[in-house]
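What's in protein-v4.csv: CSV, C-alpha atoms and all ligand atoms
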chain,number,residue,atom,x,y,z
A,1,MET,CA,16.2,31.8,0.3
A,2,PHE,CA,17.4,28.6,-1.3
A,3,THR,CA,19.3,27.6,1.9
A,4,ALA,CA,16.3,28.4,4.1
A,5,CYS,CA,14.2,26.2,1.9
A,6,VAL,CA,16.6,23.3,2.0
A,7,THR,CA,16.8,23.5,5.8
A,8,PHE,CA,13.0,23.5,6.0
A,9,ILE,CA,12.8,20.4,3.9
A,10,CYS,CA,15.4,18.5,5.9
A,11,ALA,CA,13.7,19.4,9.2
A,12,ALA,CA,10.5,18.0,7.8
A,13,CYS,CA,12.1,14.7,6.7
A,14,SER,CA,12.0,11.4,8.6
A,15,HIS,CA,14.2,8.4,8.2
A,16,ASN,CA,12.2,5.3,7.2
A,17,ALA,CA,13.1,2.5,9.6
A,18,ILE,CA,12.6,-0.3,7.0
A,19,THR,CA,13.8,1.1,3.7
A,20,GLY,CA,16.4,3.5,5.2
A,21,ARG,CA,15.3,6.2,2.8
A,22,ASN,CA,14.6,9.8,4.0
A,23,GLN,CA,11.0,10.9,3.4
A,24,LEU,CA,9.3,14.2,3.5
A,25,SER,CA,7.1,14.1,6.5
A,26,LEU,CA,4.8,17.1,7.1
A,27,VAL,CA,2.1,15.0,8.7
A,28,SER,CA,2.4,12.5,11.6
A,29,GLU,CA,1.4,8.8,11.3
A,30,GLU,CA,-1.1,9.4,14.1
A,31,GLN,CA,-2.7,12.2,12.2
A,32,VAL,CA,-3.1,10.2,9.0
A,33,GLN,CA,-4.4,7.2,10.9
A,34,VAL,CA,-7.2,9.2,12.4
A,35,LEU,CA,-8.2,10.6,9.0
A,36,ALA,CA,-7.9,7.1,7.4
A,37,GLN,CA,-10.2,5.5,10.0
A,38,LYS,CA,-12.8,8.1,9.2
A,39,GLU,CA,-12.4,7.9,5.4
A,40,TYR,CA,-12.4,4.1,5.5
A,41,LEU,CA,-15.7,4.0,7.3
A,42,ASN,CA,-17.1,6.5,4.8
A,43,PHE,CA,-15.9,4.4,2.0
A,44,LEU,CA,-17.4,1.2,3.4
A,45,SER,CA,-20.8,2.7,4.1
A,46,ALA,CA,-20.9,4.1,0.5
A,47,ASN,CA,-20.0,0.8,-1.1
A,48,HIS,CA,-21.3,-2.8,-1.0
A,49,VAL,CA,-19.1,-4.8,1.4
A,50,VAL,CA,-19.2,-8.6,0.6
A,51,SER,CA,-19.9,-10.5,3.8
A,52,SER,CA,-17.3,-13.2,4.9
A,53,ALA,CA,-20.2,-15.2,6.2
A,54,SER,CA,-21.7,-15.7,2.8
A,55,SER,CA,-18.7,-15.5,0.4
A,56,LYS,CA,-15.7,-17.7,0.0
A,57,ASP,CA,-13.9,-14.8,-1.7
A,58,ALA,CA,-14.4,-12.4,1.2
A,59,GLU,CA,-13.2,-15.2,3.5
A,60,MET,CA,-10.1,-15.6,1.3
A,61,VAL,CA,-9.4,-11.9,1.4
A,62,THR,CA,-9.5,-11.9,5.2
A,63,ARG,CA,-7.4,-15.1,5.4
A,64,VAL,CA,-4.7,-13.9,3.0
A,65,GLY,CA,-4.7,-10.4,4.5
A,66,THR,CA,-4.3,-11.7,8.0
A,67,ARG,CA,-1.4,-13.9,7.0
A,68,ILE,CA,0.4,-11.0,5.4
A,69,ALA,CA,-0.3,-8.8,8.4
A,70,ASN,CA,1.1,-11.5,10.7
A,71,ALA,CA,4.2,-11.8,8.5
A,72,ILE,CA,4.7,-8.0,8.7
A,73,THR,CA,4.3,-8.0,12.4
A,74,GLN,CA,6.9,-10.8,12.7
A,75,TYR,CA,9.3,-9.0,10.3
A,76,TYR,CA,9.1,-5.7,12.3
A,77,LYS,CA,9.5,-7.6,15.6
A,78,GLU,CA,12.6,-9.4,14.4
A,79,LYS,CA,14.1,-6.0,13.4
A,80,GLY,CA,13.2,-4.5,16.8
A,81,LEU,CA,10.8,-2.1,15.1
A,82,THR,CA,7.4,-3.0,16.6
A,83,ASN,CA,6.7,0.6,17.5
A,84,GLU,CA,6.6,1.4,13.7
A,85,LEU,CA,3.3,-0.4,13.6
A,86,GLU,CA,1.8,1.5,16.5
A,87,GLY,CA,-1.9,2.2,16.0
A,88,TYR,CA,-2.3,-0.6,13.4
A,89,LYS,CA,-5.7,-2.3,13.7
A,90,TRP,CA,-6.0,-4.5,10.6
A,91,GLU,CA,-9.2,-4.7,8.7
A,92,PHE,CA,-9.8,-6.5,5.4
A,93,ASN,CA,-12.9,-6.0,3.3
A,94,LEU,CA,-14.0,-7.2,-0.1
A,95,VAL,CA,-16.1,-4.6,-1.9
A,96,ASP,CA,-18.4,-5.5,-4.8
A,97,SER,CA,-17.1,-3.5,-7.7
A,98,LYS,CA,-16.0,-4.2,-11.3
A,99,GLU,CA,-12.9,-2.0,-10.8
A,100,VAL,CA,-9.6,-3.8,-10.8
A,101,ASN,CA,-8.2,-2.3,-7.6
A,102,ALA,CA,-7.0,-2.8,-4.0
A,103,TRP,CA,-5.5,-0.5,-1.5
A,104,CYS,CA,-4.4,-0.2,2.2
A,105,MET,CA,-4.8,3.0,4.2
A,106,PRO,CA,-2.6,4.0,7.1
A,107,GLY,CA,-3.4,1.9,10.2
A,108,GLY,CA,-4.0,-1.2,8.2
A,109,LYS,CA,-7.4,-0.5,6.6
A,110,VAL,CA,-7.5,-2.7,3.5
A,111,VAL,CA,-10.0,-2.9,0.6
A,112,VAL,CA,-10.0,-5.4,-2.2
A,113,TYR,CA,-12.4,-4.9,-5.1
A,114,THR,CA,-14.1,-8.0,-6.6
A,115,GLY,CA,-12.9,-6.8,-10.0
A,116,ILE,CA,-9.3,-7.7,-9.2
A,117,LEU,CA,-10.1,-11.4,-8.3
A,118,PRO,CA,-10.3,-12.6,-12.0
A,119,VAL,CA,-6.8,-11.2,-12.4
A,120,THR,CA,-5.3,-12.5,-9.2
A,121,GLN,CA,-7.0,-15.9,-9.9
A,122,ASN,CA,-5.3,-17.6,-6.9
A,123,GLU,CA,-4.4,-16.9,-3.3
A,124,ALA,CA,-0.7,-16.4,-4.0
A,125,ALA,CA,-1.3,-13.6,-6.5
A,126,LEU,CA,-3.8,-12.0,-4.0
A,127,ALA,CA,-1.0,-12.2,-1.4
A,128,ILE,CA,1.3,-10.4,-3.9
A,129,VAL,CA,-1.3,-7.6,-4.3
A,130,LEU,CA,-1.9,-7.3,-0.6
A,131,GLY,CA,1.9,-7.5,0.2
A,132,HIS,CA,2.5,-4.7,-2.2
A,133,GLU,CA,-0.4,-2.5,-1.1
A,134,ILE,CA,0.3,-3.0,2.6
A,135,THR,CA,3.9,-2.2,2.1
A,136,HIS,CA,2.9,1.2,0.7
A,137,ALA,CA,1.1,1.8,4.0
A,138,VAL,CA,3.6,0.5,6.5
A,139,ALA,CA,6.5,2.2,4.7
A,140,GLY,CA,4.6,5.5,5.0
A,141,HIS,CA,4.4,6.1,1.3
A,142,GLY,CA,0.9,7.7,1.4
A,143,ARG,CA,2.1,10.0,4.1
A,144,GLU,CA,5.1,10.9,2.0
A,145,ARG,CA,2.9,11.6,-1.0
A,146,MET,CA,0.5,13.6,1.2
A,147,SER,CA,3.4,15.7,2.5
A,148,GLN,CA,4.5,16.3,-1.1
A,149,GLY,CA,1.0,17.3,-2.0
A,150,MET,CA,0.7,19.6,1.0
A,151,LEU,CA,4.1,21.2,0.1
A,152,ALA,CA,3.0,21.7,-3.5
A,153,GLU,CA,-0.3,23.3,-2.4
A,154,ASN,CA,1.4,25.3,0.3
A,155,ILE,CA,-0.8,23.8,3.1
A,156,GLN,CA,0.5,24.4,6.6
A,157,ASN,CA,0.2,21.7,9.2
A,158,ALA,CA,0.4,23.2,12.7
A,159,GLY,CA,1.8,20.6,15.1
A,160,ASN,CA,-0.9,18.2,16.2
A,161,MET,CA,-3.7,19.7,14.1
A,162,VAL,CA,-6.6,17.4,13.4
A,163,LEU,CA,-6.2,17.0,9.7
A,164,GLY,CA,-10.0,16.3,9.3
A,165,ASN,CA,-10.7,19.9,10.3
A,166,ASN,CA,-8.7,21.2,7.4
A,167,PRO,CA,-10.7,20.8,4.1
A,168,GLN,CA,-7.5,21.4,2.0
A,169,ALA,CA,-5.6,18.7,3.9
A,170,VAL,CA,-8.6,16.3,3.4
A,171,ASN,CA,-8.5,17.1,-0.3
A,172,VAL,CA,-4.9,16.1,-0.5
A,173,PHE,CA,-5.5,13.0,1.6
A,174,ASN,CA,-8.3,12.0,-0.9
A,175,SER,CA,-6.1,12.7,-3.9
A,176,VAL,CA,-3.4,10.4,-2.4
A,177,TYR,CA,-5.6,7.6,-1.1
A,178,GLY,CA,-8.6,7.9,-3.4
A,179,PRO,CA,-8.7,5.1,-6.0
A,180,GLY,CA,-6.7,5.9,-9.2
A,181,ALA,CA,-5.6,9.3,-8.0
A,182,PRO,CA,-3.7,10.9,-10.9
A,183,LEU,CA,-1.5,12.9,-8.6
A,184,LEU,CA,0.4,9.9,-7.6
A,185,VAL,CA,2.4,9.1,-10.7
A,186,LEU,CA,3.5,12.7,-11.0
A,187,LEU,CA,5.1,13.0,-7.6
A,188,PRO,CA,8.8,12.5,-6.9
A,189,ASN,CA,9.8,9.2,-5.5
A,190,SER,CA,6.8,7.3,-7.0
A,191,ARG,CA,9.1,4.9,-8.9
A,192,LYS,CA,11.2,4.4,-5.7
A,193,GLN,CA,8.0,3.7,-3.8
A,194,GLU,CA,6.8,1.2,-6.3
A,195,LEU,CA,10.1,-0.7,-6.2
A,196,GLU,CA,10.0,-0.6,-2.4
A,197,ALA,CA,6.4,-2.0,-2.4
A,198,ASP,CA,7.4,-4.7,-4.8
A,199,HIS,CA,10.5,-5.6,-2.8
A,200,TYR,CA,9.0,-5.8,0.7
A,201,GLY,CA,5.7,-7.0,-0.7
A,202,LEU,CA,7.4,-10.1,-2.1
A,203,ILE,CA,9.2,-10.8,1.2
A,204,PHE,CA,6.0,-10.4,3.2
A,205,ALA,CA,4.0,-12.7,0.8
A,206,ALA,CA,6.8,-15.3,1.0
A,207,MET,CA,6.9,-15.1,4.8
A,208,ALA,CA,3.1,-15.5,4.8
A,209,GLY,CA,3.6,-18.8,3.0
A,210,TYR,CA,2.8,-17.8,-0.6
A,211,ASN,CA,5.1,-18.4,-3.6
A,212,PRO,CA,6.6,-15.0,-4.5
A,213,GLN,CA,7.1,-16.2,-8.1
A,214,GLU,CA,3.4,-15.8,-8.6
A,215,ALA,CA,4.2,-12.0,-8.8
A,216,ILE,CA,5.6,-12.5,-12.3
A,217,ASN,CA,2.4,-14.3,-13.6
A,218,PHE,CA,0.2,-11.7,-11.9
A,219,TRP,CA,1.9,-8.7,-13.4
A,220,LYS,CA,1.9,-10.4,-16.8
A,221,ARG,CA,-1.9,-10.9,-16.5
A,222,MET,CA,-2.3,-7.2,-15.4
A,223,ALA,CA,-0.3,-6.1,-18.5
A,224,ASN,CA,-2.5,-8.2,-20.8
A,225,LEU,CA,-5.8,-6.8,-19.5
A,226,GLY,CA,-6.1,-4.3,-22.3
A,227,GLY,CA,-9.4,-2.3,-22.7
A,228,GLU,CA,-10.0,1.3,-23.5
A,229,LYS,CA,-9.0,2.7,-20.2
A,230,PRO,CA,-6.3,1.2,-17.9
A,231,PRO,CA,-7.6,-0.2,-14.6
A,232,ALA,CA,-7.3,2.1,-11.6
A,233,PHE,CA,-4.8,-0.3,-10.1
A,234,LEU,CA,-2.5,0.4,-13.1
A,235,SER,CA,-2.6,4.2,-12.9
A,236,ASP,CA,-0.6,3.8,-9.7
A,237,HIS,CA,1.3,0.7,-10.8
A,238,PRO,CA,2.8,0.9,-14.2
A,239,SER,CA,3.0,-2.7,-15.5
A,240,ASP,CA,5.9,-3.1,-17.8
A,241,ALA,CA,8.8,-5.2,-18.8
A,242,ASP,CA,11.1,-3.1,-16.5
A,243,ARG,CA,9.0,-4.1,-13.4
A,244,ILE,CA,9.0,-7.8,-14.3
A,245,GLN,CA,12.8,-7.6,-14.7
A,246,LYS,CA,13.2,-5.9,-11.3
A,247,LEU,CA,10.9,-8.5,-9.7
A,248,GLN,CA,13.0,-11.3,-11.1
A,249,ALA,CA,16.1,-9.7,-9.7
A,250,LEU,CA,14.4,-9.5,-6.2
A,251,MET,CA,13.2,-13.1,-6.4
A,252,PRO,CA,16.2,-15.0,-4.9
A,253,GLU,CA,16.0,-12.8,-1.7
A,254,ALA,CA,12.2,-13.3,-1.5
A,255,LEU,CA,12.5,-17.1,-2.0
A,256,GLY,CA,14.8,-17.2,1.0
A,257,TYR,CA,11.8,-16.2,3.1
A,258,TYR,CA,9.4,-18.7,1.5
A,259,LYS,CA,7.9,-21.5,3.5
A,260,PRO,CA,4.8,-22.9,1.8
A,261,VAL,CA,1.5,-22.8,3.7
A,262,THR,CA,0.7,-26.2,5.1
A,263,LYS,CA,-3.1,-26.7,5.0
B,1,ZN,ZN,2.2,0.4,-5.8
Take the structure in this file and express it as structure tokens.
Amino acid sequence: MFTACVTFICAACSHNAITGRNQLSLVSEEQVQVLAQKEYLNFLSANHVVSSASSKDAEMVTRVGTRIANAITQYYKEKGLTNELEGYKWEFNLVDSKEVNAWCMPGGKVVVYTGILPVTQNEAALAIVLGHEITHAVAGHGRERMSQGMLAENIQNAGNMVLGNNPQAVNVFNSVYGPGAPLLVLLPNSRKQELEADHYGLIFAAMAGYNPQEAINFWKRMANLGGEKPPAFLSDHPSDADRIQKLQALMPEALGYYKPVTK
């Protein structure tokens, strides 16, 4: 039985083109993108989206996000991996909410909450947040977590099944992509995913013209937030001395990609 189980898991793995790590893959990128598009629209209609026409902050979110997306597109192109970004149609929205949070769904559907802007304080730190969150999406981290969740709950995915038609699969999707989902920290590889998101997020922010060293200041500000309940952003992103030490170790590589934005 054990052998059969191991064979099953290997057959359901995919090799990540960027990180080189094998990931459990019970759902296809195409399937999660279809579901993400639907859930993204649901989220936007249930929340107050700040218009770029009337808000400098919303304009900034779009500007920084677009630069990060362009950097990622360039990075993948240089590695001959453009097909990995198939189906990506980038969207950046600022949502009016006190929550300290930001996320990116598969297919490039990004939300920044106004509550995180007092912590980012500047465009470079916002670029760090977006670089990190978008890396989770392009590196298929959500799909990996969703696959782990489906395995844990014994949910079958038959071939090209439309995930939206399976309420159990939709529940797992929401528990993975929903803000502050507690499931995330408990899953295997969550630490690896965090390090990968920090690593490539720094590179993408630097390529987009933002100083990657702002990551250190940003995570220190996150760590100092305090309050009764940690912000949703932290439930997924433990902010500790260990992270800052790892970021510092990654900094020389990221700085090699850094060309400041010329305005
Ligand atoms: Zn993260």
Name the residues within 7 Å of (4.4, -1.9, 5.9), counting only C-alpha atoms in the file's coordinates, and put them as a PyMOL selection string. chain A and resi 72+134-139
With distances taken over all atoms listed in the file, which of A:Leu163, A:Met146, A:Ala197, A:Val129 is nearest to Ile18 (chain A)?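 Among the listed residues, the smallest separation from Ile18 (chain A) belongs to A:Ala197.
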Met105 (chain A) environment, 9 Å, all atoms listed in the file, sequence neighbours closer than 4 positions dropped, as a PDB file with C-alpha atoms, keeping the file's coordinate frame:
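part_39.pdb written:
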ATOM      1  CA  VAL A  32      -3.100  10.200   9.000  1.00  0.00           C
ATOM      2  CA  GLN A  33      -4.400   7.200  10.900  1.00  0.00           C
ATOM      3  CA  ALA A  36      -7.900   7.100   7.400  1.00  0.00           C
ATOM      4  CA  GLN A  37     -10.200   5.500  10.000  1.00  0.00           C
ATOM      5  CA  TYR A  40     -12.400   4.100   5.500  1.00  0.00           C
ATOM      6  CA  LYS A 109      -7.400  -0.500   6.600  1.00  0.00           C
ATOM      7  CA  VAL A 110      -7.500  -2.700   3.500  1.00  0.00           C
ATOM      8  CA  VAL A 111     -10.000  -2.900   0.600  1.00  0.00           C
ATOM      9  CA  GLU A 133      -0.400  -2.500  -1.100  1.00  0.00           C
ATOM     10  CA  ILE A 134       0.300  -3.000   2.600  1.00  0.00           C
ATOM     11  CA  HIS A 136       2.900   1.200   0.700  1.00  0.00           C
ATOM     12  CA  ALA A 137       1.100   1.800   4.000  1.00  0.00           C
ATOM     13  CA  GLY A 142       0.900   7.700   1.400  1.00  0.00           C
ATOM     14  CA  TYR A 177      -5.600   7.600  -1.100  1.00  0.00           C
TER      15      TYR A 177
END
Neighbourhood query: residues within 12 Å of (1.5, -14.8, 1.3), file coordinates, counting all atoms listed in the file; return as JSON, numbers by chain. {"A": [60, 61, 63, 64, 65, 66, 67, 68, 69, 70, 71, 72, 122, 123, 124, 125, 126, 127, 128, 129, 130, 131, 132, 134, 200, 201, 202, 203, 204, 205, 206, 207, 208, 209, 210, 211, 212, 213, 214, 215, 254, 255, 257, 258, 259, 260, 261]}
What is the distance between CA of Asn166 (chain A) and CA of Ser14 (chain A), in Å to one decimal?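 That distance, rounded to one decimal, is 22.9 Å.
With only C-alpha atoms taken into account, the protein and nucleic acid residues at most 6 Å from region 92-94 of chain A (excluding it and anything under 4 positions from it in its own chain) are Val49, Val50, Ala58, Thr62, Val110, Val111, Val112 and Tyr113 of chain A.
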So, counting all atoms listed in the file, which residue among A:Ala12, A:Met150, A:Leu195, A:Val170 is closest to ligand ZN 1 (chain B)? A:Leu195
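Of the listed residues A:Trp219, A:Asn154, A:Gln193, A:Cys13, the one whose atoms come nearest to ligand ZN 1 (chain B) is A:Gln193, with distances taken using all atoms listed in the file.
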Nearby residues (all atoms listed in the file) at most 10 Å from Gln168 (chain A), same-chain spacing under 4 positions excluded, as an MDAnalysis selection string: chainID A and resid 150 153:156 163:164 172:174
With C-alpha atoms retained, write the just-selected residues as a short mmCIF file (atom, residue, chain, number, x, y, z; two decimals), keeping the file's coordinate frame.
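Dumped everything to again-v9.cif:
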data_model
loop_
_atom_site.label_atom_id
_atom_site.label_comp_id
_atom_site.auth_asym_id
_atom_site.auth_seq_id
_atom_site.Cartn_x
_atom_site.Cartn_y
_atom_site.Cartn_z
CA MET A 150 0.70 19.60 1.00
CA GLU A 153 -0.30 23.30 -2.40
CA ASN A 154 1.40 25.30 0.30
CA ILE A 155 -0.80 23.80 3.10
CA GLN A 156 0.50 24.40 6.60
CA LEU A 163 -6.20 17.00 9.70
CA GLY A 164 -10.00 16.30 9.30
CA VAL A 172 -4.90 16.10 -0.50
CA PHE A 173 -5.50 13.00 1.60
CA ASN A 174 -8.30 12.00 -0.90
#
Rounded to one decimal, what separation in Å do you get between CA of Gln245 (chain A) and CA of Gln121 (chain A)? 22.0 Å
Atomic separation - CA of Ser190 (chain A) relative to CA of Gln23 (chain A), Å: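 So the answer is 11.8 Å.
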From the options A:Glu144, A:Ile216, A:Ser52, A:Glu253, which residue's atoms come nearest to Ala241 (chain A), counting only C-alpha atoms?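 Closest to Ala241 (chain A), using only C-alpha atoms: A:Ile216.
With all atoms listed in the file as the atoms that count, the minimum distance from Leu225 (chain A) to the choices A:Ile244, A:Gly107, A:Glu39, A:Pro118 is reached by A:Pro118.
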Could you give me, as an mmCIF file with C-alpha atoms, in the coordinates of the input, the residues within 9 Å of Asn47 (chain A), counting only C-alpha atoms and dropping anything in the same chain fewer than 2 positions from it?
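out-v1.cif written:
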data_model
loop_
_atom_site.group_PDB
_atom_site.id
_atom_site.type_symbol
_atom_site.label_atom_id
_atom_site.label_comp_id
_atom_site.auth_asym_id
_atom_site.auth_seq_id
_atom_site.Cartn_x
_atom_site.Cartn_y
_atom_site.Cartn_z
ATOM 1 C CA ASN A 42 -17.100 6.500 4.800
ATOM 2 C CA PHE A 43 -15.900 4.400 2.000
ATOM 3 C CA LEU A 44 -17.400 1.200 3.400
ATOM 4 C CA SER A 45 -20.800 2.700 4.100
ATOM 5 C CA VAL A 49 -19.100 -4.800 1.400
ATOM 6 C CA VAL A 95 -16.100 -4.600 -1.900
ATOM 7 C CA ASP A 96 -18.400 -5.500 -4.800
ATOM 8 C CA SER A 97 -17.100 -3.500 -7.700
#
For ligand ZN 1 (chain B), which of A:Lys220, A:Arg243, A:Asp198, A:Asp57 is the closest residue, counting only C-alpha atoms and all ligand atoms? A:Asp198
Since the input lacks atoms, please generate N, CA, C and O atoms for region 208-221 of chain A and provide them as an mmCIF file, keeping the file's coordinate frame.
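And here is the file that came out, rebuild.cif:
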data_model
loop_
_atom_site.group_PDB
_atom_site.id
_atom_site.type_symbol
_atom_site.label_atom_id
_atom_site.label_comp_id
_atom_site.auth_asym_id
_atom_site.auth_seq_id
_atom_site.Cartn_x
_atom_site.Cartn_y
_atom_site.Cartn_z
ATOM 1 N N ALA A 208 4.512 -15.117 4.532
ATOM 2 C CA ALA A 208 3.100 -15.500 4.800
ATOM 3 C C ALA A 208 2.830 -16.902 4.234
ATOM 4 O O ALA A 208 1.735 -17.431 4.417
ATOM 5 N N GLY A 209 3.779 -17.476 3.486
ATOM 6 C CA GLY A 209 3.600 -18.800 3.000
ATOM 7 C C GLY A 209 3.179 -18.904 1.512
ATOM 8 O O GLY A 209 2.768 -19.965 1.039
ATOM 9 N N TYR A 210 3.266 -17.772 0.790
ATOM 10 C CA TYR A 210 2.800 -17.800 -0.600
ATOM 11 C C TYR A 210 4.070 -17.668 -1.530
ATOM 12 O O TYR A 210 5.003 -16.910 -1.232
ATOM 13 N N ASN A 211 3.996 -18.385 -2.629
ATOM 14 C CA ASN A 211 5.100 -18.400 -3.600
ATOM 15 C C ASN A 211 5.311 -17.041 -4.226
ATOM 16 O O ASN A 211 4.451 -16.612 -4.998
ATOM 17 N N PRO A 212 6.412 -16.359 -3.926
ATOM 18 C CA PRO A 212 6.600 -15.000 -4.500
ATOM 19 C C PRO A 212 6.689 -15.001 -6.016
ATOM 20 O O PRO A 212 6.441 -13.975 -6.647
ATOM 21 N N GLN A 213 7.018 -16.164 -6.607
ATOM 22 C CA GLN A 213 7.100 -16.200 -8.100
ATOM 23 C C GLN A 213 5.822 -15.964 -8.788
ATOM 24 O O GLN A 213 5.797 -15.632 -9.964
ATOM 25 N N GLU A 214 4.722 -16.088 -8.045
ATOM 26 C CA GLU A 214 3.400 -15.800 -8.600
ATOM 27 C C GLU A 214 3.312 -14.322 -9.045
ATOM 28 O O GLU A 214 2.482 -13.949 -9.866
ATOM 29 N N ALA A 215 4.174 -13.477 -8.461
ATOM 30 C CA ALA A 215 4.200 -12.000 -8.800
ATOM 31 C C ALA A 215 4.395 -11.841 -10.309
ATOM 32 O O ALA A 215 3.783 -10.970 -10.941
ATOM 33 N N ILE A 216 5.270 -12.638 -10.888
ATOM 34 C CA ILE A 216 5.600 -12.500 -12.300
ATOM 35 C C ILE A 216 4.328 -12.778 -13.157
ATOM 36 O O ILE A 216 3.958 -12.001 -14.034
ATOM 37 N N ASN A 217 3.666 -13.899 -12.831
ATOM 38 C CA ASN A 217 2.400 -14.300 -13.600
ATOM 39 C C ASN A 217 1.360 -13.203 -13.386
ATOM 40 O O ASN A 217 0.663 -12.839 -14.331
ATOM 41 N N PHE A 218 1.229 -12.729 -12.151
ATOM 42 C CA PHE A 218 0.200 -11.700 -11.900
ATOM 43 C C PHE A 218 0.407 -10.466 -12.702
ATOM 44 O O PHE A 218 -0.505 -9.963 -13.352
ATOM 45 N N TRP A 219 1.638 -9.929 -12.692
ATOM 46 C CA TRP A 219 1.900 -8.700 -13.400
ATOM 47 C C TRP A 219 1.793 -8.868 -14.919
ATOM 48 O O TRP A 219 1.412 -7.945 -15.645
ATOM 49 N N LYS A 220 2.070 -10.092 -15.384
ATOM 50 C CA LYS A 220 1.900 -10.400 -16.800
ATOM 51 C C LYS A 220 0.376 -10.350 -17.134
ATOM 52 O O LYS A 220 -0.044 -9.799 -18.153
ATOM 53 N N ARG A 221 -0.438 -10.915 -16.250
ATOM 54 C CA ARG A 221 -1.900 -10.900 -16.500
ATOM 55 C C ARG A 221 -2.408 -9.453 -16.436
ATOM 56 O O ARG A 221 -3.262 -9.064 -17.228
#
